[in-house]
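Participant: Before I ask anything, here is the structure I am working with.
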Amino acid sequence: MGQTISSVVDMVSYAGDLRRAAKQASTPEVAQKIQRSASELEKTGLAKVGQAGPGIGKLLDRFV
C-alpha cells in the first residue's frame, strides 16, 4: 500500500521526484499522468501552507 505524505516539504520534494520520473517514463501518456500528479501534489502542498503565509519563504529556502 501507499504512504500518506502530510508534510508540505515532503509534498513539494516528492513532486520534484515525480517530475524527474516523468522524464524517464516509457510512453507520453504515462509521462503526462505522472506530471499531472506532480502538479496536483505541489498545488496541494502550497495551498496547505498558503502562498502568503510566513512559512513559504522557509519552505522555498530548503529547495534553493
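In the C-alpha cells, each chain is lettered A, B, ... as it comes, each chain's residues begin at 1, and ligands are numbered from 1 in order of appearance.
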Quick one: everything within 9 Å of segment 3-8 of chain A, counting only C-alpha atoms, minus sequence neighbours fewer than 6 positions away in the same chain. Send it as a ChimeraX atom specification.
Facilitator: /A:14,42,44-46,48-49,59
Participant: I need the residues from that last selection saved to file as a short mmCIF file (atom, residue, chain, number, x, y, z; two decimals), in the first residue's frame (with all heavy atoms), if you can.
Facilitator:
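result.cif, written as the output of this step:
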```cif
data_model
loop_
_atom_site.label_atom_id
_atom_site.label_comp_id
_atom_site.auth_asym_id
_atom_site.auth_seq_id
_atom_site.Cartn_x
_atom_site.Cartn_y
_atom_site.Cartn_z
N TYR A 14 8.57 15.40 -3.10
CA TYR A 14 8.12 14.24 -3.86
C TYR A 14 7.58 14.65 -5.23
O TYR A 14 7.73 13.93 -6.20
CB TYR A 14 7.07 13.45 -3.08
CG TYR A 14 6.76 12.12 -3.70
CD1 TYR A 14 7.73 11.13 -3.77
CD2 TYR A 14 5.51 11.84 -4.23
CE1 TYR A 14 7.47 9.91 -4.35
CE2 TYR A 14 5.23 10.62 -4.81
CZ TYR A 14 6.22 9.66 -4.87
OH TYR A 14 5.95 8.45 -5.46
N GLU A 42 2.02 19.23 -5.67
CA GLU A 42 2.66 20.51 -5.38
C GLU A 42 1.62 21.58 -5.05
O GLU A 42 1.78 22.35 -4.10
CB GLU A 42 3.49 20.93 -6.58
CG GLU A 42 4.43 22.07 -6.33
CD GLU A 42 5.33 22.29 -7.51
OE1 GLU A 42 4.81 22.56 -8.62
OE2 GLU A 42 6.55 22.18 -7.33
N THR A 44 -1.36 21.12 -3.83
CA THR A 44 -1.93 20.80 -2.52
C THR A 44 -0.99 21.25 -1.40
O THR A 44 -1.43 21.83 -0.40
CB THR A 44 -2.20 19.29 -2.40
OG1 THR A 44 -3.11 18.90 -3.42
CG2 THR A 44 -2.78 18.94 -1.05
N GLY A 45 0.29 20.98 -1.57
CA GLY A 45 1.26 21.39 -0.56
C GLY A 45 1.33 22.89 -0.38
O GLY A 45 1.35 23.40 0.74
N LEU A 46 1.36 23.62 -1.49
CA LEU A 46 1.44 25.07 -1.41
C LEU A 46 0.14 25.67 -0.87
O LEU A 46 0.16 26.68 -0.17
CB LEU A 46 1.80 25.67 -2.76
CG LEU A 46 3.22 25.34 -3.23
CD1 LEU A 46 3.45 25.89 -4.64
CD2 LEU A 46 4.26 25.87 -2.26
N LYS A 48 -1.70 24.21 1.30
CA LYS A 48 -1.70 23.87 2.73
C LYS A 48 -0.93 24.91 3.54
O LYS A 48 -1.34 25.28 4.63
CB LYS A 48 -1.08 22.49 2.92
CG LYS A 48 -1.21 21.93 4.30
CD LYS A 48 -0.73 20.49 4.32
CE LYS A 48 -0.89 19.91 5.70
NZ LYS A 48 -0.46 18.51 5.73
N VAL A 49 0.19 25.38 3.00
CA VAL A 49 1.00 26.36 3.73
C VAL A 49 0.52 27.78 3.44
O VAL A 49 0.74 28.68 4.24
CB VAL A 49 2.50 26.21 3.40
CG1 VAL A 49 2.82 26.73 2.04
CG2 VAL A 49 3.37 26.86 4.43
N LEU A 59 10.12 27.38 3.48
CA LEU A 59 9.94 26.21 2.63
C LEU A 59 10.77 26.33 1.36
O LEU A 59 11.50 25.41 0.99
CB LEU A 59 8.46 26.04 2.27
CG LEU A 59 8.14 24.95 1.25
CD1 LEU A 59 8.42 23.57 1.83
CD2 LEU A 59 6.70 25.05 0.80
#
```
Participant: Excluding Ala21 of chain A and residues on its chain fewer than 5 positions from it, collect all residues at most 9 Å away from it, counting only C-alpha atoms, and give them as a PyMOL selection string.
Facilitator: chain A and resi 16+31+34-35
Participant: Quick one: distance from atom CA of Val30 of chain A to atom CA of Leu18 of chain A in Å, one decimal?
Facilitator: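 Atom CA of Leu18 of chain A lies at a distance of 11.4 Å from atom CA of Val30 of chain A.
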Participant: Atom CA of Leu41 of chain A and atom CA of Ala15 of chain A are how many Å apart?
Facilitator: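 Between atom CA of Leu41 of chain A and atom CA of Ala15 of chain A the gap is 6.1 Å.
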